[in-house]
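Enquirer: Pasting in a structure now, in structure tokens, and then I'll have a few things to ask.
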Amino acid sequence: MQVTIYDIAKMANVSASTVSRVVNNKANVSPKTRARILKLLAEHNYVPNEAARGLVTQSSHMIGVLITDIRTTQHTQGVYYIERELSGHGYSCLIHNTGRDEENWVHYVQELSQRKIEALILMGSIYQSDTMREAIQLYLPNIPVVICNGYFNAPNAYGIVSDEQTGVTDCVALLHETGCRRPVFLMNQSTPSNEQKKQGFLAGLNRFYPEAEPIALEIGNSHEDIAAATRELMERYPDIDGIVYSEDDLAMIGLRVLADLGRRVPEDVQVIGINNSQFSRLSIPTLTSLDNMLYDVSMTAVRHIMALLSGQRVSKKMLICTEIVRRDSTLPTAP
């Protein structure tokens, strides 16, 4: 049975408050008494009860993290970075897989408020909705809330946003520089992040291909939907020679379809993904991808949380620049 602070106090013939001061490395304990208590703590493998400590300090040392789908590699990787960094600061994460149903979001926010979390991190732009904002204001109005790659206007909400819109415009510029004549954009679903990517594509098209017919389509989430849409598009518009996909995993499916159609990458069709995930380095050919700086976004979210919990001020909304990582699925820049 695990010993308590009261057991140690009885063994050392001191008060429980004296043992507590030693456990928490506080002053006002004589060196001789401190040494005796530390020896007993070590002998009995004493572990502080964090729940009880929290009742005294009014600190749970718990951070809530919401993610819509834990199967989404990009967001799961971000949660991994966040959990590891928070753990290094002495905080534990309470992670909920909420799904896309906004009613469930409200339920999880209410539950986290009952768990007395000290801060909340929302993983993904999808959470920048009125439903989530209202739930935060109702149940968690007094703790810091940081959205990774999103933002909504609330007194306690902060956003770390990847500038994917400008990044996708840069992708169109790259295709133009490499001699692409007809680029298109394909996204799996409508989210605030994907809509920003789409706007970036259309801005690039307007700048570099002012006479081109804009093709920017939402093609569905399943492997079959993505493959079918790519195949249909290439058959309907055989002159397409550049595709920007909203995610790397979509681009991987696209590469397979293009191979089945006998279209060479990058000679016949250049392909660009987004996220700079591990898939981009493992595909054949390797995939040019827009790095949306997931690590930087995640680490900045944690730094914001730590600063806010210590009473410091931080920017309400921070924009992080993206970077294109060029690989074999795009051609060298034309001379």
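Naming works like this for the structure tokens: A, B, ... for the chains as they're shown, residue 1 at the start of each chain, ligands 1 onward in shown order.
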With only C-alpha atoms as the counted atoms, please give the residues lying no more than 9 Å from A:Cys148, apart from itself and same-chain residues fewer than 3 positions off, as a ChimeraX atom specification.
Expert: /A:78,121-125,151,158-162,294,297-298,300-301
Enquirer: As JSON, numbers by chain, please: every residue in stretch 119-195 of chain A that DSSP puts in strand (DSSP E).
Expert: {"A": [119, 120, 121, 122, 123, 145, 146, 147, 148, 157, 158, 159, 160, 161, 162, 183, 184, 185, 186, 187]}
Enquirer: For the selection you just gave me, I'd like the residues written to a file as a CSV table (one decimal), in the first residue's frame, keeping N, CA and C atoms.
Expert:
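Result written to selection-v8.csv:
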chain,number,residue,atom,x,y,z
A,119,ALA,N,-5.9,24.8,-19.4
A,119,ALA,CA,-5.8,25.4,-20.7
A,119,ALA,C,-6.4,24.3,-21.7
A,120,LEU,N,-6.7,24.8,-22.9
A,120,LEU,CA,-7.2,23.9,-24.0
A,120,LEU,C,-6.5,24.2,-25.3
A,121,ILE,N,-6.2,23.2,-26.0
A,121,ILE,CA,-5.6,23.3,-27.3
A,121,ILE,C,-6.5,22.6,-28.3
A,122,LEU,N,-6.9,23.3,-29.4
A,122,LEU,CA,-7.8,22.7,-30.4
A,122,LEU,C,-6.9,22.5,-31.6
A,123,MET,N,-7.0,21.2,-32.1
A,123,MET,CA,-6.1,20.8,-33.2
A,123,MET,C,-6.8,20.9,-34.5
A,145,VAL,N,-7.2,29.4,-24.4
A,145,VAL,CA,-7.6,28.4,-25.5
A,145,VAL,C,-6.8,28.8,-26.7
A,146,VAL,N,-6.0,27.8,-27.2
A,146,VAL,CA,-5.2,28.1,-28.4
A,146,VAL,C,-5.6,27.1,-29.5
A,147,ILE,N,-5.8,27.7,-30.7
A,147,ILE,CA,-6.2,26.9,-31.9
A,147,ILE,C,-5.0,26.7,-32.8
A,148,CYS,N,-4.7,25.5,-33.1
A,148,CYS,CA,-3.6,25.3,-34.1
A,148,CYS,C,-4.2,25.3,-35.5
A,157,ALA,N,-9.2,33.4,-26.4
A,157,ALA,CA,-8.8,32.5,-27.5
A,157,ALA,C,-7.6,33.1,-28.3
A,158,TYR,N,-6.7,32.2,-28.7
A,158,TYR,CA,-5.5,32.6,-29.5
A,158,TYR,C,-5.3,31.7,-30.6
A,159,GLY,N,-4.8,32.2,-31.7
A,159,GLY,CA,-4.6,31.3,-32.9
A,159,GLY,C,-3.2,31.3,-33.4
A,160,ILE,N,-2.7,30.1,-33.8
A,160,ILE,CA,-1.5,29.9,-34.5
A,160,ILE,C,-1.8,29.4,-35.9
A,161,VAL,N,-1.6,30.2,-36.9
A,161,VAL,CA,-2.1,29.9,-38.2
A,161,VAL,C,-1.0,29.7,-39.2
A,162,SER,N,-1.0,28.6,-39.9
A,162,SER,CA,0.0,28.4,-41.0
A,162,SER,C,-0.5,29.2,-42.2
A,183,PRO,N,-2.7,24.0,-64.6
A,183,PRO,CA,-2.7,23.4,-63.2
A,183,PRO,C,-4.2,23.4,-62.7
A,184,VAL,N,-4.4,22.4,-61.8
A,184,VAL,CA,-5.7,22.3,-61.1
A,184,VAL,C,-5.5,22.0,-59.6
A,185,PHE,N,-6.5,22.2,-58.8
A,185,PHE,CA,-6.4,22.0,-57.4
A,185,PHE,C,-7.5,21.1,-57.0
A,186,LEU,N,-7.2,20.1,-56.2
A,186,LEU,CA,-8.1,19.1,-55.7
A,186,LEU,C,-8.0,19.0,-54.2
A,187,MET,N,-9.2,19.1,-53.5
A,187,MET,CA,-9.2,19.0,-52.0
A,187,MET,C,-10.2,17.9,-51.6
Enquirer: Record the distance separating atom CA of A:Asp239 and atom CA of A:Arg182, expressed in Å with one decimal.
Expert: 6.9 Å
Enquirer: Pick out the residues sitting within 9 Å of A:Ile70, and hand them over as a ChimeraX atom specification; count only C-alpha atoms, and ignore anything fewer than 2 positions along from it in its own chain.
Expert: /A:67-68,72-73,75-76,96-99
Enquirer: Atoms to include: N, CA and C atoms. Write the selected residues as an mmCIF file, in the first residue's frame.
Expert:
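See result.cif below for the written result:
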data_model
loop_
_atom_site.group_PDB
_atom_site.id
_atom_site.type_symbol
_atom_site.label_atom_id
_atom_site.label_comp_id
_atom_site.auth_asym_id
_atom_site.auth_seq_id
_atom_site.Cartn_x
_atom_site.Cartn_y
_atom_site.Cartn_z
ATOM 1 N N ILE A 67 -9.111 16.820 -30.846
ATOM 2 C CA ILE A 67 -8.753 16.487 -32.221
ATOM 3 C C ILE A 67 -9.971 15.814 -32.847
ATOM 4 N N THR A 68 -10.314 16.150 -34.088
ATOM 5 C CA THR A 68 -11.546 15.606 -34.672
ATOM 6 C C THR A 68 -11.423 14.139 -35.033
ATOM 7 N N THR A 72 -6.181 10.898 -38.433
ATOM 8 C CA THR A 72 -5.589 11.860 -39.355
ATOM 9 C C THR A 72 -4.127 12.072 -38.997
ATOM 10 N N THR A 73 -3.239 11.599 -39.866
ATOM 11 C CA THR A 73 -1.810 11.589 -39.551
ATOM 12 C C THR A 73 -1.285 12.968 -39.198
ATOM 13 N N HIS A 75 -2.746 15.704 -37.941
ATOM 14 C CA HIS A 75 -3.149 16.211 -36.636
ATOM 15 C C HIS A 75 -2.593 15.354 -35.503
ATOM 16 N N THR A 76 -2.531 14.035 -35.706
ATOM 17 C CA THR A 76 -1.974 13.161 -34.681
ATOM 18 C C THR A 76 -0.513 13.491 -34.421
ATOM 19 N N HIS A 96 -9.132 14.216 -26.373
ATOM 20 C CA HIS A 96 -10.431 13.688 -26.806
ATOM 21 C C HIS A 96 -10.513 13.662 -28.323
ATOM 22 N N ASN A 97 -11.007 12.566 -28.850
ATOM 23 C CA ASN A 97 -11.231 12.374 -30.279
ATOM 24 C C ASN A 97 -12.698 12.711 -30.546
ATOM 25 N N THR A 98 -12.977 13.940 -31.014
ATOM 26 C CA THR A 98 -14.342 14.475 -30.971
ATOM 27 C C THR A 98 -15.214 14.119 -32.159
ATOM 28 N N GLY A 99 -14.609 13.746 -33.306
ATOM 29 C CA GLY A 99 -15.395 13.639 -34.527
ATOM 30 C C GLY A 99 -15.764 15.017 -35.047
#
Enquirer: Find the residue from A:Val109, A:Leu331, A:Leu287, A:Met234 that sits nearest to A:Arg263; use only C-alpha atoms when measuring.
Expert: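 Using only C-alpha atoms, A:Arg263 sits closest to A:Met234.
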Enquirer: Show me, as a ChimeraX atom specification, the residues that have an atom within 12 Å of A:Val325 when counting only C-alpha atoms, minus same-chain residues fewer than 2 positions from it.
Expert: /A:167,170-171,174,272-277,280-281,286-293,322-323,327-330
Enquirer: In Å, with one decimal, what is the gap from atom CA of A:Gln137 to atom CA of A:Gly311?
Expert: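 Atom-to-atom, atom CA of A:Gln137 to atom CA of A:Gly311, that is 19.8 Å.
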Enquirer: Between A:Asn149, A:Gln74, A:Ser246, A:Thr178, which is the closest to A:Pro266 once you count only C-alpha atoms?
Expert: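 Comparing A:Asn149, A:Gln74, A:Ser246, A:Thr178 against A:Pro266, the winner is A:Thr178.
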